[in-house]
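Colleague: Below are the structure tokens for one structure; questions will follow.
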Amino acid sequence: MSTEEAIKKLETSNQGLKVILEHLNEQLSDIRLDPRLEGLVDDLENLFYAYLKTWIKSNSDVIEILKKDSQ
């Protein structure tokens, strides 16, 4: 895989992760309806949010490194 291909795949991954992040609350709405999970869903949402943000940042850092190395 070339550097350009790797950068493109990481950028595509970030786009998908951002879409998931934007709709995280909607994706957890069914779980929120379960009274047995009351209070837990907020913690899950915070965990998923932090995980997705970290993943996006890691991808962005790698993209930056690859772009620097390819110049």
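If you're wondering about the labels, chains in the structure tokens are A, B, ... by order shown, residues count from 1 in each chain, ligands from 1 in order shown.
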Compile the contact shell of Lys57 of chain A as a PDB file with all heavy atoms, in the first residue's frame: residues with an atom at most 10 Å away, counting only C-alpha atoms, same-chain residues fewer than 6 positions apart removed.
Modeller:
ATOM      1  N   ASN A  14     -11.719   8.396   9.324  1.00  0.00           N
ATOM      2  CA  ASN A  14     -12.084   9.540  10.162  1.00  0.00           C
ATOM      3  C   ASN A  14     -13.454  10.092   9.792  1.00  0.00           C
ATOM      4  O   ASN A  14     -14.230  10.464  10.675  1.00  0.00           O
ATOM      5  CB  ASN A  14     -11.029  10.645  10.064  1.00  0.00           C
ATOM      6  CG  ASN A  14      -9.916  10.462  11.066  1.00  0.00           C
ATOM      7  OD1 ASN A  14      -9.917   9.528  11.865  1.00  0.00           O
ATOM      8  ND2 ASN A  14      -8.941  11.358  11.031  1.00  0.00           N
ATOM      9  N   TYR A  51     -13.645   7.416  23.274  1.00  0.00           N
ATOM     10  CA  TYR A  51     -12.980   6.419  22.422  1.00  0.00           C
ATOM     11  C   TYR A  51     -12.922   6.889  20.975  1.00  0.00           C
ATOM     12  O   TYR A  51     -11.871   6.839  20.328  1.00  0.00           O
ATOM     13  CB  TYR A  51     -13.714   5.079  22.534  1.00  0.00           C
ATOM     14  CG  TYR A  51     -13.181   4.022  21.619  1.00  0.00           C
ATOM     15  CD1 TYR A  51     -11.961   3.409  21.874  1.00  0.00           C
ATOM     16  CD2 TYR A  51     -13.892   3.630  20.485  1.00  0.00           C
ATOM     17  CE1 TYR A  51     -11.456   2.428  21.016  1.00  0.00           C
ATOM     18  CE2 TYR A  51     -13.403   2.659  19.643  1.00  0.00           C
ATOM     19  CZ  TYR A  51     -12.185   2.057  19.908  1.00  0.00           C
ATOM     20  OH  TYR A  51     -11.693   1.104  19.064  1.00  0.00           O
ATOM     21  N   ILE A  63      -1.863  10.471   9.910  1.00  0.00           N
ATOM     22  CA  ILE A  63      -1.968  11.158   8.619  1.00  0.00           C
ATOM     23  C   ILE A  63      -0.919  12.265   8.531  1.00  0.00           C
ATOM     24  O   ILE A  63      -0.219  12.402   7.525  1.00  0.00           O
ATOM     25  CB  ILE A  63      -3.386  11.736   8.407  1.00  0.00           C
ATOM     26  CG1 ILE A  63      -4.396  10.604   8.195  1.00  0.00           C
ATOM     27  CG2 ILE A  63      -3.411  12.721   7.233  1.00  0.00           C
ATOM     28  CD1 ILE A  63      -5.846  11.047   8.263  1.00  0.00           C
TER      29      ILE A  63
END
Colleague: Quick check, in Å to one decimal: how far apart do atom CA of Leu17 of chain A and atom CA of Ile56 of chain A lie?
Modeller: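 Going from atom CA of Leu17 of chain A over to atom CA of Ile56 of chain A covers 6.9 Å.
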Colleague: Just want the 12 Å neighbourhood of Ser60 of chain A, counted on only C-alpha atoms, with same-chain residues fewer than 6 positions away dropped. Output as a list in words.
Modeller: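 What passes the distance filter is Ala6, Ile7, Lys8, Lys9, Leu10, Glu11, Thr12, Ser13, Asn14, Gln15, Leu17, Lys53, Thr54, Leu66 and Lys67 of chain A.
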Colleague: Residues as selected, C-alpha atoms, written as a tab-separated table (two decimals), in the first residue's frame, can you do that?
Modeller:
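selection_10.tsv, freshly written:
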chain	number	residue	atom	x	y	z
A	6	ALA	CA	-2.85	4.82	3.56
A	7	ILE	CA	-3.63	8.51	4.02
A	8	LYS	CA	-6.82	8.15	1.98
A	9	LYS	CA	-7.96	5.14	4.04
A	10	LEU	CA	-7.28	6.95	7.30
A	11	GLU	CA	-9.16	10.03	6.09
A	12	THR	CA	-12.10	7.85	5.04
A	13	SER	CA	-12.01	6.16	8.43
A	14	ASN	CA	-12.08	9.54	10.16
A	15	GLN	CA	-15.08	10.62	8.08
A	17	LEU	CA	-15.99	7.92	12.76
A	53	LYS	CA	-12.40	11.17	19.66
A	54	THR	CA	-9.16	9.35	20.59
A	66	LEU	CA	2.67	10.22	6.70
A	67	LYS	CA	2.22	13.53	4.92
Colleague: Could you give me, as a ChimeraX atom specification, the residues within 10 Å of Leu52 of chain A, counting only C-alpha atoms and dropping anything in the same chain fewer than 5 positions from it?
Modeller: /A:14,17-18,20-21,24,46-47,57-58
Colleague: Using the selection just defined, write its residues with N, CA, C and O atoms as an mmCIF file, in the first residue's frame.
Modeller:
data_model
loop_
_atom_site.group_PDB
_atom_site.id
_atom_site.type_symbol
_atom_site.label_atom_id
_atom_site.label_comp_id
_atom_site.auth_asym_id
_atom_site.auth_seq_id
_atom_site.Cartn_x
_atom_site.Cartn_y
_atom_site.Cartn_z
ATOM 1 N N ASN A 14 -11.719 8.396 9.324
ATOM 2 C CA ASN A 14 -12.084 9.540 10.162
ATOM 3 C C ASN A 14 -13.454 10.092 9.792
ATOM 4 O O ASN A 14 -14.230 10.464 10.675
ATOM 5 N N LEU A 17 -15.975 7.769 11.299
ATOM 6 C CA LEU A 17 -15.994 7.917 12.760
ATOM 7 C C LEU A 17 -16.708 9.203 13.174
ATOM 8 O O LEU A 17 -17.444 9.223 14.166
ATOM 9 N N LYS A 18 -16.525 10.261 12.400
ATOM 10 C CA LYS A 18 -17.195 11.531 12.711
ATOM 11 C C LYS A 18 -18.702 11.405 12.543
ATOM 12 O O LYS A 18 -19.463 11.969 13.331
ATOM 13 N N ILE A 20 -20.431 8.630 12.977
ATOM 14 C CA ILE A 20 -20.861 7.857 14.155
ATOM 15 C C ILE A 20 -20.931 8.761 15.371
ATOM 16 O O ILE A 20 -21.893 8.723 16.144
ATOM 17 N N LEU A 21 -19.917 9.588 15.539
ATOM 18 C CA LEU A 21 -19.851 10.501 16.674
ATOM 19 C C LEU A 21 -21.023 11.477 16.674
ATOM 20 O O LEU A 21 -21.632 11.727 17.723
ATOM 21 N N LEU A 24 -24.199 9.576 17.781
ATOM 22 C CA LEU A 24 -24.020 8.677 18.925
ATOM 23 C C LEU A 24 -25.258 8.642 19.818
ATOM 24 O O LEU A 24 -25.711 7.572 20.217
ATOM 25 N N ASN A 46 -20.443 8.598 27.215
ATOM 26 C CA ASN A 46 -19.191 9.301 27.491
ATOM 27 C C ASN A 46 -17.986 8.456 27.093
ATOM 28 O O ASN A 46 -17.012 8.968 26.530
ATOM 29 N N LEU A 47 -18.058 7.164 27.371
ATOM 30 C CA LEU A 47 -16.972 6.254 27.018
ATOM 31 C C LEU A 47 -16.805 6.159 25.501
ATOM 32 O O LEU A 47 -15.692 6.285 24.978
ATOM 33 N N LYS A 57 -8.260 11.285 16.628
ATOM 34 C CA LYS A 57 -7.003 12.001 16.860
ATOM 35 C C LYS A 57 -5.807 11.139 16.474
ATOM 36 O O LYS A 57 -4.864 11.634 15.845
ATOM 37 N N SER A 58 -5.849 9.872 16.823
ATOM 38 C CA SER A 58 -4.753 8.968 16.450
ATOM 39 C C SER A 58 -4.615 8.874 14.936
ATOM 40 O O SER A 58 -3.506 8.943 14.398
#
Colleague: Rounded to one decimal in Å, what is the spacing between atom CA of Gly16 of chain A and atom CA of Ser70 of chain A?
Modeller: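 About the pair atom CA of Gly16 of chain A and atom CA of Ser70 of chain A: they are 24.5 Å apart.
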Colleague: Just asking: which residues within chain A are alpha helix (DSSP H) according to DSSP, as a PyMOL selection string?
Modeller: chain A and resi 3-22+24-27+29-32+40-70
